[in-house]
file model-v8.txt (compact mmCIF, C-alpha atoms and all ligand atoms)
# COMPACT_ATOMS: atom_id res chain seq x y z
CA MET M 866 132.74 -173.68 65.76
CA ASN M 867 135.36 -171.30 67.18
CA MET M 868 138.37 -172.27 69.31
CA GLU M 869 136.32 -172.22 72.53
CA GLY M 870 133.70 -174.52 71.03
CA HIS M 871 131.11 -171.74 70.66
CA PRO M 872 129.29 -170.80 67.50
CA ILE M 873 131.32 -168.35 65.38
CA ARG M 874 130.79 -164.70 66.34
CA VAL M 875 131.83 -161.52 64.60
CA THR M 876 134.53 -161.09 67.26
CA ASP M 877 136.15 -164.33 66.05
CA PHE M 878 136.73 -162.85 62.60
CA LYS M 879 139.51 -160.44 63.64
CA ARG M 880 141.20 -163.17 65.66
CA MET M 881 141.09 -165.48 62.64
CA LYS M 882 142.76 -162.77 60.54
CA ARG M 883 145.47 -162.26 63.18
CA ARG M 884 146.17 -165.99 63.20
CA ALA M 885 146.10 -166.18 59.39
CA GLN M 886 143.27 -168.68 59.67
CA LYS M 887 141.31 -168.49 56.41
CA ILE M 888 137.61 -167.69 56.82
CA THR M 889 135.20 -169.81 54.77
CA MET M 890 131.82 -168.50 53.73
CA LEU M 891 129.05 -169.66 51.38
CA THR M 892 125.66 -168.28 50.54
CA ALA M 893 122.61 -170.16 51.83
CA TYR M 894 118.93 -169.51 51.34
CA ASP M 895 117.10 -172.32 53.14
CA ALA M 896 117.34 -174.51 56.24
CA THR M 897 118.30 -177.77 54.52
CA MET M 898 121.31 -176.33 52.69
CA ALA M 899 122.29 -174.32 55.77
CA ARG M 900 122.29 -177.53 57.83
CA LEU M 901 124.50 -179.28 55.24
CA PHE M 902 127.01 -176.40 55.01
CA ASP M 903 127.01 -175.90 58.78
CA GLY M 904 127.51 -179.62 59.39
CA ALA M 905 130.48 -179.56 56.98
CA GLY M 906 132.13 -176.88 59.14
CA ILE M 907 131.66 -173.65 57.21
CA ASP M 908 132.55 -170.54 59.27
CA ALA M 909 129.86 -168.19 57.95
CA LEU M 910 126.68 -168.33 55.90
CA LEU M 911 125.59 -165.35 53.85
CA VAL M 912 121.91 -165.03 53.08
CA GLY M 913 122.83 -163.11 49.96
CA ASP M 914 120.44 -161.06 47.90
CA SER M 915 121.79 -163.26 45.09
CA LEU M 916 118.67 -165.07 46.31
CA GLY M 917 116.83 -162.95 43.73
CA MET M 918 118.83 -164.44 40.84
CA VAL M 919 119.65 -168.03 41.83
CA VAL M 920 116.48 -168.91 43.76
CA LEU M 921 113.72 -166.52 42.70
CA GLY M 922 114.59 -166.29 38.98
CA HIS M 923 115.05 -162.51 38.68
CA GLU M 924 117.58 -160.97 36.29
CA THR M 925 119.26 -158.88 39.02
CA THR M 926 119.25 -158.59 42.83
CA LEU M 927 117.21 -155.38 42.70
CA PRO M 928 113.70 -156.89 43.09
CA VAL M 929 114.59 -158.66 46.36
CA THR M 930 112.46 -157.34 49.21
CA LEU M 931 113.19 -157.07 52.90
CA ASP M 932 110.31 -159.45 53.63
CA ALA M 933 111.89 -162.07 51.34
CA MET M 934 115.24 -161.62 53.07
CA VAL M 935 113.69 -161.94 56.53
CA HIS M 936 111.83 -165.10 55.41
CA HIS M 937 114.95 -166.80 53.98
CA THR M 938 117.22 -165.60 56.79
CA ARG M 939 114.87 -167.17 59.32
CA ALA M 940 115.06 -170.49 57.44
CA VAL M 941 118.88 -170.36 57.29
CA ALA M 942 119.12 -169.45 60.98
CA ARG M 943 116.90 -172.45 61.84
CA GLY M 944 119.29 -174.76 59.98
CA THR M 945 122.47 -173.32 61.51
CA GLU M 946 124.12 -174.22 64.82
CA HIS M 947 127.73 -173.09 64.46
CA ALA M 948 128.26 -170.71 61.53
CA LEU M 949 127.85 -166.95 61.69
CA VAL M 950 124.68 -165.99 59.79
CA VAL M 951 125.02 -162.73 57.85
CA ALA M 952 122.03 -161.30 55.96
CA ASP M 953 122.24 -158.96 52.99
CA MET M 954 120.28 -155.74 53.26
CA PRO M 955 118.43 -155.50 49.94
CA PHE M 956 118.35 -152.54 47.57
CA LEU M 957 116.76 -149.39 49.04
CA THR M 958 116.51 -150.76 52.57
CA TYR M 959 119.53 -148.75 53.79
CA GLN M 960 120.12 -146.05 51.16
CA ILE M 961 117.20 -143.73 51.95
CA THR M 962 117.61 -142.77 55.60
CA VAL M 963 119.69 -143.99 58.49
CA THR M 964 116.49 -144.48 60.50
CA ASP M 965 115.14 -146.83 57.82
CA ALA M 966 118.42 -148.69 57.79
CA VAL M 967 118.34 -149.30 61.55
CA ARG M 968 114.73 -150.45 61.45
CA ASN M 969 115.33 -152.76 58.48
CA ALA M 970 118.60 -154.21 59.74
CA GLY M 971 116.89 -154.72 63.10
CA ARG M 972 114.26 -156.92 61.41
CA LEU M 973 116.98 -159.14 59.92
CA LEU M 974 118.38 -159.74 63.40
CA GLN M 975 115.17 -159.72 65.42
CA GLU M 976 112.84 -161.63 63.07
CA GLY M 977 115.39 -163.34 60.81
CA GLY M 978 117.86 -164.48 63.47
CA ALA M 979 120.92 -163.10 61.63
CA ALA M 980 123.97 -162.11 63.67
CA ALA M 981 125.11 -159.41 61.24
CA VAL M 982 124.10 -157.59 58.07
CA LYS M 983 125.99 -156.83 54.87
CA ILE M 984 125.63 -153.61 52.92
CA GLU M 985 127.18 -152.52 49.62
CA GLY M 986 129.33 -149.41 49.26
CA GLY M 987 132.06 -147.51 51.04
CA ARG M 988 132.18 -143.84 51.96
CA ALA M 989 128.64 -143.37 50.56
CA VAL M 990 127.17 -145.53 53.35
CA LEU M 991 129.43 -144.63 56.28
CA ASP M 992 126.71 -142.85 58.27
CA VAL M 993 124.62 -146.02 58.05
CA VAL M 994 127.52 -148.26 59.10
CA ARG M 995 128.32 -146.04 62.09
CA ARG M 996 124.74 -145.93 63.31
CA LEU M 997 124.15 -149.67 62.90
CA VAL M 998 127.34 -150.45 64.79
CA ASP M 999 126.40 -147.88 67.47
CA VAL M 1000 123.11 -149.66 68.12
CA GLY M 1001 124.77 -153.08 68.24
CA ILE M 1002 124.22 -154.39 64.73
CA PRO M 1003 127.44 -155.81 63.25
CA VAL M 1004 128.10 -154.75 59.66
CA MET M 1005 130.01 -156.46 56.87
CA GLY M 1006 130.98 -154.09 54.05
CA HIS M 1007 131.04 -154.95 50.34
CA LEU M 1008 133.35 -153.26 47.81
CA GLY M 1009 134.37 -153.81 44.18
CA VAL M 1010 131.53 -155.02 41.99
CA LEU M 1011 128.33 -153.87 43.67
CA PRO M 1012 125.44 -155.90 42.22
CA GLN M 1013 122.84 -153.43 43.54
CA SER M 1014 124.50 -150.73 41.39
CA VAL M 1015 124.43 -152.86 38.23
CA HIS M 1016 122.68 -150.14 36.21
CA GLN M 1017 125.04 -147.41 37.43
CA LEU M 1018 128.12 -149.55 36.75
CA GLY M 1019 126.79 -150.81 33.42
CA GLY M 1020 127.10 -154.50 34.36
CA TYR M 1021 129.22 -156.80 36.50
CA ALA M 1022 132.64 -156.13 34.93
CA ARG M 1023 135.66 -156.27 37.25
CA ARG M 1024 136.39 -153.09 39.24
CA GLY M 1025 139.62 -151.51 40.39
CA LEU M 1026 141.43 -151.87 37.08
CA VAL M 1027 142.32 -148.16 36.84
CA ALA M 1028 144.04 -146.04 39.48
CA GLU M 1029 141.00 -143.91 40.21
CA GLU M 1030 138.92 -147.00 41.06
CA SER M 1031 141.62 -148.87 42.96
CA ASP M 1032 142.40 -145.76 45.05
CA ALA M 1033 138.71 -145.37 45.83
CA ILE M 1034 138.37 -149.03 46.88
CA LEU M 1035 141.40 -148.72 49.19
CA ALA M 1036 140.05 -145.50 50.73
CA ASP M 1037 136.57 -147.04 51.10
CA ALA M 1038 138.03 -150.09 52.87
CA GLY M 1039 139.87 -147.90 55.40
CA ALA M 1040 136.75 -145.80 55.96
CA LEU M 1041 134.57 -148.88 56.52
CA GLU M 1042 137.01 -150.19 59.11
CA GLU M 1043 137.06 -146.82 60.87
CA ALA M 1044 133.26 -146.72 60.87
CA GLY M 1045 133.20 -150.07 62.70
CA ALA M 1046 132.58 -152.72 60.01
CA PHE M 1047 133.84 -156.14 61.18
CA ALA M 1048 134.75 -157.48 57.70
CA ILE M 1049 134.62 -156.50 54.03
CA VAL M 1050 133.63 -158.54 50.99
CA LEU M 1051 135.81 -157.73 47.97
CA GLU M 1052 134.04 -158.73 44.78
CA SER M 1053 135.73 -159.08 41.38
CA ILE M 1054 138.79 -156.90 41.84
CA PRO M 1055 142.39 -157.66 40.80
CA ALA M 1056 144.30 -159.98 43.14
CA ASP M 1057 147.07 -157.42 43.75
CA LEU M 1058 144.53 -154.77 44.80
CA ALA M 1059 142.83 -157.30 47.10
CA ARG M 1060 146.24 -158.08 48.63
CA THR M 1061 146.90 -154.37 49.21
CA VAL M 1062 143.47 -153.83 50.80
CA THR M 1063 143.95 -156.92 52.98
CA GLY M 1064 147.28 -155.57 54.24
CA HIS M 1065 145.85 -152.09 54.72
CA VAL M 1066 142.96 -152.96 57.06
CA GLY M 1067 142.88 -154.76 60.41
CA ILE M 1068 139.51 -156.38 59.70
CA PRO M 1069 139.22 -159.48 57.49
CA THR M 1070 138.62 -159.25 53.76
CA ILE M 1071 136.45 -161.95 52.23
CA GLY M 1072 137.13 -162.33 48.52
CA ILE M 1073 134.94 -163.45 45.65
CA GLY M 1074 136.81 -163.28 42.38
CA ALA M 1075 139.52 -161.28 44.18
CA GLY M 1076 142.42 -163.75 44.24
CA PRO M 1077 143.93 -165.94 46.94
CA GLU M 1078 145.32 -163.34 49.33
CA CYS M 1079 142.14 -162.24 51.04
CA ASP M 1080 141.56 -163.35 54.63
CA GLY M 1081 138.69 -165.55 53.53
CA GLN M 1082 136.62 -166.57 50.55
CA VAL M 1083 132.91 -166.56 49.75
CA LEU M 1084 131.09 -168.13 46.83
CA VAL M 1085 127.47 -168.26 45.75
CA SER M 1086 126.67 -171.85 46.74
CA TYR M 1087 124.49 -172.44 43.67
CA ASP M 1088 127.51 -171.58 41.46
CA MET M 1089 129.98 -173.69 43.40
CA LEU M 1090 127.63 -176.71 43.46
CA GLY M 1091 126.75 -176.42 39.75
CA LEU M 1092 123.08 -175.71 40.43
CA PHE M 1093 122.70 -172.34 38.72
CA ASP M 1094 123.26 -172.80 35.00
CA ARG M 1095 122.27 -169.43 33.48
CA PHE M 1096 125.88 -168.26 33.74
CA THR M 1097 128.90 -169.10 35.87
CA PRO M 1098 131.40 -166.36 36.72
CA PRO M 1099 134.90 -167.28 35.44
CA PHE M 1100 136.46 -167.29 38.93
CA VAL M 1101 134.05 -169.95 40.25
CA LYS M 1102 135.36 -173.44 40.92
CA GLN M 1103 132.55 -175.96 40.58
CA TYR M 1104 132.96 -178.57 43.30
CA ALA M 1105 129.94 -180.56 42.13
CA ARG M 1106 127.52 -180.75 39.25
CA LEU M 1107 124.31 -181.05 41.21
CA GLY M 1108 122.26 -179.55 38.37
CA GLU M 1109 123.19 -182.49 36.14
CA GLU M 1110 122.57 -184.99 38.96
CA ILE M 1111 119.14 -183.52 39.62
CA ARG M 1112 118.23 -183.62 35.91
CA THR M 1113 119.40 -187.25 35.62
CA ALA M 1114 117.58 -188.31 38.79
CA THR M 1115 114.41 -186.57 37.63
CA GLN M 1116 114.54 -188.31 34.24
CA ALA M 1117 115.05 -191.69 35.97
CA TYR M 1118 112.05 -191.01 38.21
CA ILE M 1119 109.87 -190.01 35.23
CA GLU M 1120 110.87 -193.17 33.35
CA ASP M 1121 110.22 -195.36 36.40
CA VAL M 1122 106.77 -193.91 37.01
CA ARG M 1123 105.79 -194.06 33.34
CA SER M 1124 107.02 -197.65 32.97
CA GLY M 1125 105.51 -198.84 36.26
CA ARG M 1126 108.93 -199.64 37.83
CA TYR M 1127 108.12 -197.22 40.66
CA PRO M 1128 106.49 -197.61 43.13
CA MET M 1129 107.32 -201.21 43.81
CA ALA M 1130 105.10 -203.50 45.85
CA PRO M 1131 105.56 -202.61 49.55
CA VAL M 1132 108.25 -204.65 51.34
CA GLU M 1133 107.61 -203.33 54.85
CA PRO M 1134 104.49 -202.35 56.76
CA VAL M 1135 103.32 -198.92 55.66
CA GLY M 1136 104.11 -196.17 58.18
CA ALA M 1137 106.61 -198.33 60.14
CA ARG M 1138 109.63 -196.08 59.58
CA PRO M 1139 110.23 -193.42 62.24
CA GLY M 1140 110.07 -189.95 60.77
CA SER M 1141 108.19 -191.10 57.66
CA ARG M 1142 106.02 -188.41 56.13
O1 LIG R 1 124.40 -161.69 47.38
C1 LIG R 1 125.44 -162.37 47.41
O2 LIG R 1 125.43 -163.59 47.23
C2 LIG R 1 126.69 -161.68 47.66
C3 LIG R 1 127.96 -162.44 47.37
C4 LIG R 1 128.24 -162.33 45.92
C5 LIG R 1 129.09 -161.97 48.20
O3 LIG R 1 126.70 -160.55 48.02
call {"tool": "encode", "arguments": {"input": "model-v8.txt", "output": "structure tokens"}}
result
Amino acid sequence: MNMEGHPIRVTDFKRMKRRAQKITMLTAYDATMARLFDGAGIDALLVGDSLGMVVLGHETTLPVTLDAMVHHTRAVARGTEHALVVADMPFLTYQITVTDAVRNAGRLLQEGGAAAVKIEGGRAVLDVVRRLVDVGIPVMGHLGVLPQSVHQLGGYARRGLVAEESDAILADAGALEEAGAFAIVLESIPADLARTVTGHVGIPTIGIGAGPECDGQVLVSYDMLGLFDRFTPPFVKQYARLGEEIRTATQAYIEDVRSGRYPMAPVEPVGARPGSR
């Protein structure tokens, strides 16, 4: 909720930066989790194409389709009342032509119910950013580690460690702001570079593995909740170990069913509870 009691809008982001009010963001992929995060007071939900890795079981984000993103964005939007819903544009949905990009981003807003889209890259995607903003589609940029360029970059190693890269990230951030982006995700870059970028642009920076001095922070919810156990990036703080809880609960259920402890004899008339399925 913003100060006026409305759902968060992209226009609130700049105000939050001006007031040094940290922006909180998590990824979400379904309505139930979105409702939980939204109810807890999160400012923004990102329907990330990390969906491909943490939900769909792919090795990278590259196989994620626009249809999958529309489907999951719609679910997240249904579970959200207050947070800003941002949808990732998947690989090859904005890199081919600007016309494609407008049509595809439009689907994420029109069919998915997102309020903004996120695209990876800086000066290479400026024409897309400009056009999307011109037609009324808010854009969040994404610099540093670009998961859709994993093959080009040779992995997910931190970026901006040498002058050539850090200069490029700074120039890209300025260019994205000029092109009309309303915020920029900074992924896996040194904290001092993130601080410089944050001071250099008037739009908020949202860090992930980029130190404490960004205007906000985002994490992949499955990492932060301990649900995704294939690997955990070193910068992630695990606030829960839901994976372990789910495994333990599942084993207890299996034992109960096998031993006859569950189900128990009914203690109330069947079907008496409102909302029972
Ligand atoms: O897809 C995603 O979850 C992201 C975050 C890592 C920012 O882009």
call {"tool": "residues_near_ligand", "arguments": {"input": "model-v8.txt", "ligand": "ligand LIG 1 (chain R)", "cutoff": "7 Å", "atoms": "all atoms listed in the file", "output": "MDAnalysis selection string"}}
result
chainID M and resid 892 911:916 953 1050 1052 1073 1083:1085
call {"tool": "atom_distance", "arguments": {"input": "model-v8.txt", "atom1": "atom CA of M:Glu1078", "atom2": "atom CA of M:Lys879"}}
result
15.7 Å
call {"tool": "closest_residue", "arguments": {"input": "model-v8.txt", "among": "M:Ile1049, M:Leu921, M:Ala1059, M:Ala1038", "to": "M:Leu1026", "atoms": "all atoms listed in the file"}}
result
M:Ala1059
call {"tool": "atom_distance", "arguments": {"input": "model-v8.txt", "atom1": "atom CA of M:Arg972", "atom2": "atom CA of M:Gln1013"}}
result
20.1 Å
call {"tool": "closest_residue", "arguments": {"input": "model-v8.txt", "among": "M:Gly1025, M:Arg883, M:Gln1116, M:Pro872", "to": "M:Pro1069", "atoms": "all atoms listed in the file"}}
result
M:Arg883
call {"tool": "residues_around", "arguments": {"input": "model-v8.txt", "residues": "M:Leu973", "least_positions_apart": "4", "cutoff": "7 Å", "atoms": "all atoms listed in the file", "output": "PyMOL selection string"}}
result
chain M and resi 935+952+969+977-979
call {"tool": "write_last_selection", "arguments": {"input": "model-v8.txt", "atoms": "C-alpha atoms", "output": "compact mmCIF listing (two decimals), in the coordinates of the input"}}
result
# COMPACT_ATOMS: atom_id res chain seq x y z
CA VAL M 935 113.69 -161.94 56.53
CA ALA M 952 122.03 -161.30 55.96
CA ASN M 969 115.33 -152.76 58.48
CA GLY M 977 115.39 -163.34 60.81
CA GLY M 978 117.86 -164.48 63.47
CA ALA M 979 120.92 -163.10 61.63
call {"tool": "closest_residue", "arguments": {"input": "model-v8.txt", "among": "M:Thr938, M:Thr876, M:Thr1097, M:Thr945", "to": "M:Gly904", "atoms": "all atoms listed in the file"}}
result
M:Thr945
call {"tool": "atom_distance", "arguments": {"input": "model-v8.txt", "atom1": "atom CA of M:Gly1081", "atom2": "atom CA of M:Arg1060"}}
result
11.7 Å
call {"tool": "closest_residue", "arguments": {"input": "model-v8.txt", "among": "M:Met918, M:Ala970, M:Ala909, M:Leu1058", "to": "M:His947", "atoms": "all atoms listed in the file"}}
result
M:Ala909
call {"tool": "residues_around", "arguments": {"input": "model-v8.txt", "residues": "M:Ala980", "least_positions_apart": "4", "cutoff": "10 Å", "atoms": "all atoms listed in the file", "output": "MDAnalysis selection string"}}
result
chainID M and resid 873:875 942 948:952 973:975 1002:1004
call {"tool": "residues_around", "arguments": {"input": "model-v8.txt", "residues": "M:Lys882", "least_positions_apart": "6", "cutoff": "9 Å", "atoms": "only C-alpha atoms", "output": "list in words"}}
result
Ile888, Gly1067, Ile1068, Pro1069, Thr1070, Asp1080 and Gly1081 of chain M
call {"tool": "residues_around", "arguments": {"input": "model-v8.txt", "residues": "M:Leu1008", "least_positions_apart": "3", "cutoff": "10 Å", "atoms": "only C-alpha atoms", "output": "PDB file with C-alpha atoms, in the coordinates of the input"}}
result
ATOM      1  CA  ILE M 984     125.630-153.610  52.920  1.00  0.00           C
ATOM      2  CA  GLU M 985     127.180-152.520  49.620  1.00  0.00           C
ATOM      3  CA  GLY M 986     129.330-149.410  49.260  1.00  0.00           C
ATOM      4  CA  GLY M 987     132.060-147.510  51.040  1.00  0.00           C
ATOM      5  CA  LEU M1011     128.330-153.870  43.670  1.00  0.00           C
ATOM      6  CA  ARG M1024     136.390-153.090  39.240  1.00  0.00           C
ATOM      7  CA  GLY M1025     139.620-151.510  40.390  1.00  0.00           C
ATOM      8  CA  ALA M1033     138.710-145.370  45.830  1.00  0.00           C
ATOM      9  CA  ILE M1034     138.370-149.030  46.880  1.00  0.00           C
ATOM     10  CA  LEU M1035     141.400-148.720  49.190  1.00  0.00           C
ATOM     11  CA  ASP M1037     136.570-147.040  51.100  1.00  0.00           C
ATOM     12  CA  ALA M1038     138.030-150.090  52.870  1.00  0.00           C
ATOM     13  CA  LEU M1041     134.570-148.880  56.520  1.00  0.00           C
ATOM     14  CA  ILE M1049     134.620-156.500  54.030  1.00  0.00           C
ATOM     15  CA  VAL M1050     133.630-158.540  50.990  1.00  0.00           C
ATOM     16  CA  LEU M1051     135.810-157.730  47.970  1.00  0.00           C
ATOM     17  CA  GLU M1052     134.040-158.730  44.780  1.00  0.00           C
ATOM     18  CA  SER M1053     135.730-159.080  41.380  1.00  0.00           C
ATOM     19  CA  ILE M1054     138.790-156.900  41.840  1.00  0.00           C
ATOM     20  CA  THR M1070     138.620-159.250  53.760  1.00  0.00           C
ATOM     21  CA  GLY M1072     137.130-162.330  48.520  1.00  0.00           C
TER      22      GLY M1072
END
call {"tool": "axis_aligned_box", "arguments": {"input": "model-v8.txt", "around": "stretch 1098-1109 of chain M", "padding_each_side": "6 Å", "output": "AutoDock Vina command-line options"}}
result
--center_x 129.4 --center_y -174.4 --center_z 39.4 --size_x 26.2 --size_y 28.1 --size_z 19.9
call {"tool": "closest_residue", "arguments": {"input": "model-v8.txt", "among": "M:Met1005, M:Met1089, M:Ala1044, M:Ala1056", "to": "M:Arg1023", "atoms": "all atoms listed in the file"}}
result
M:Ala1056
call {"tool": "residues_around", "arguments": {"input": "model-v8.txt", "residues": "M:Leu957", "least_positions_apart": "2", "cutoff": "12 Å", "atoms": "all atoms listed in the file", "output": "tab-separated table (two decimals) with C-alpha atoms, keeping the file's coordinate frame"}}
result
chain	number	residue	atom	x	y	z
M	926	THR	CA	119.25	-158.59	42.83
M	927	LEU	CA	117.21	-155.38	42.70
M	928	PRO	CA	113.70	-156.89	43.09
M	929	VAL	CA	114.59	-158.66	46.36
M	930	THR	CA	112.46	-157.34	49.21
M	931	LEU	CA	113.19	-157.07	52.90
M	953	ASP	CA	122.24	-158.96	52.99
M	954	MET	CA	120.28	-155.74	53.26
M	955	PRO	CA	118.43	-155.50	49.94
M	959	TYR	CA	119.53	-148.75	53.79
M	960	GLN	CA	120.12	-146.05	51.16
M	961	ILE	CA	117.20	-143.73	51.95
M	962	THR	CA	117.61	-142.77	55.60
M	963	VAL	CA	119.69	-143.99	58.49
M	965	ASP	CA	115.14	-146.83	57.82
M	966	ALA	CA	118.42	-148.69	57.79
M	969	ASN	CA	115.33	-152.76	58.48
M	970	ALA	CA	118.60	-154.21	59.74
M	984	ILE	CA	125.63	-153.61	52.92
M	985	GLU	CA	127.18	-152.52	49.62
M	990	VAL	CA	127.17	-145.53	53.35
M	1013	GLN	CA	122.84	-153.43	43.54
M	1014	SER	CA	124.50	-150.73	41.39
call {"tool": "decode", "arguments": {"input": "model-v8.txt", "residues": "stretch 989-1007 of chain M", "atoms": "N, CA and C atoms", "output": "PDB file, in the first residue's frame"}}
result
ATOM      1  N   ALA M 989      21.788  -1.755 -25.427  1.00  0.00           N
ATOM      2  CA  ALA M 989      21.372  -2.665 -26.510  1.00  0.00           C
ATOM      3  C   ALA M 989      19.849  -2.719 -26.662  1.00  0.00           C
ATOM      4  N   VAL M 990      19.107  -2.351 -25.627  1.00  0.00           N
ATOM      5  CA  VAL M 990      17.635  -2.481 -25.698  1.00  0.00           C
ATOM      6  C   VAL M 990      16.927  -1.130 -25.553  1.00  0.00           C
ATOM      7  N   LEU M 991      17.662  -0.046 -25.768  1.00  0.00           N
ATOM      8  CA  LEU M 991      17.077   1.283 -25.526  1.00  0.00           C
ATOM      9  C   LEU M 991      15.895   1.590 -26.433  1.00  0.00           C
ATOM     10  N   ASP M 992      15.991   1.153 -27.710  1.00  0.00           N
ATOM     11  CA  ASP M 992      14.876   1.443 -28.629  1.00  0.00           C
ATOM     12  C   ASP M 992      13.602   0.757 -28.143  1.00  0.00           C
ATOM     13  N   VAL M 993      13.758  -0.432 -27.574  1.00  0.00           N
ATOM     14  CA  VAL M 993      12.603  -1.156 -27.028  1.00  0.00           C
ATOM     15  C   VAL M 993      12.050  -0.411 -25.808  1.00  0.00           C
ATOM     16  N   VAL M 994      12.940  -0.012 -24.916  1.00  0.00           N
ATOM     17  CA  VAL M 994      12.487   0.695 -23.698  1.00  0.00           C
ATOM     18  C   VAL M 994      11.717   1.955 -24.087  1.00  0.00           C
ATOM     19  N   ARG M 995      12.283   2.729 -25.004  1.00  0.00           N
ATOM     20  CA  ARG M 995      11.638   3.986 -25.413  1.00  0.00           C
ATOM     21  C   ARG M 995      10.238   3.741 -25.962  1.00  0.00           C
ATOM     22  N   ARG M 996      10.138   2.745 -26.835  1.00  0.00           N
ATOM     23  CA  ARG M 996       8.846   2.491 -27.490  1.00  0.00           C
ATOM     24  C   ARG M 996       7.807   1.987 -26.480  1.00  0.00           C
ATOM     25  N   LEU M 997       8.237   1.082 -25.594  1.00  0.00           N
ATOM     26  CA  LEU M 997       7.294   0.566 -24.593  1.00  0.00           C
ATOM     27  C   LEU M 997       6.788   1.712 -23.719  1.00  0.00           C
ATOM     28  N   VAL M 998       7.719   2.547 -23.274  1.00  0.00           N
ATOM     29  CA  VAL M 998       7.317   3.669 -22.420  1.00  0.00           C
ATOM     30  C   VAL M 998       6.396   4.614 -23.202  1.00  0.00           C
ATOM     31  N   ASP M 999       6.725   4.848 -24.482  1.00  0.00           N
ATOM     32  CA  ASP M 999       5.891   5.728 -25.322  1.00  0.00           C
ATOM     33  C   ASP M 999       4.454   5.240 -25.428  1.00  0.00           C
ATOM     34  N   VAL M1000       4.284   3.902 -25.469  1.00  0.00           N
ATOM     35  CA  VAL M1000       2.908   3.401 -25.603  1.00  0.00           C
ATOM     36  C   VAL M1000       2.268   3.108 -24.246  1.00  0.00           C
ATOM     37  N   GLY M1001       2.951   3.501 -23.166  1.00  0.00           N
ATOM     38  CA  GLY M1001       2.314   3.416 -21.846  1.00  0.00           C
ATOM     39  C   GLY M1001       2.621   2.144 -21.078  1.00  0.00           C
ATOM     40  N   ILE M1002       3.692   1.465 -21.448  1.00  0.00           N
ATOM     41  CA  ILE M1002       4.056   0.241 -20.725  1.00  0.00           C
ATOM     42  C   ILE M1002       5.299   0.515 -19.878  1.00  0.00           C
ATOM     43  N   PRO M1003       5.147   0.583 -18.552  1.00  0.00           N
ATOM     44  CA  PRO M1003       6.305   0.880 -17.697  1.00  0.00           C
ATOM     45  C   PRO M1003       7.356  -0.223 -17.774  1.00  0.00           C
ATOM     46  N   VAL M1004       8.616   0.207 -17.786  1.00  0.00           N
ATOM     47  CA  VAL M1004       9.727  -0.745 -17.950  1.00  0.00           C
ATOM     48  C   VAL M1004      10.703  -0.655 -16.782  1.00  0.00           C
ATOM     49  N   MET M1005      11.027  -1.828 -16.234  1.00  0.00           N
ATOM     50  CA  MET M1005      12.110  -1.950 -15.252  1.00  0.00           C
ATOM     51  C   MET M1005      13.306  -2.523 -16.005  1.00  0.00           C
ATOM     52  N   GLY M1006      14.468  -1.893 -15.859  1.00  0.00           N
ATOM     53  CA  GLY M1006      15.674  -2.411 -16.506  1.00  0.00           C
ATOM     54  C   GLY M1006      16.340  -3.471 -15.635  1.00  0.00           C
ATOM     55  N   HIS M1007      17.362  -4.095 -16.170  1.00  0.00           N
ATOM     56  CA  HIS M1007      18.077  -5.154 -15.430  1.00  0.00           C
ATOM     57  C   HIS M1007      19.519  -5.170 -15.947  1.00  0.00           C
TER      58      HIS M1007
END
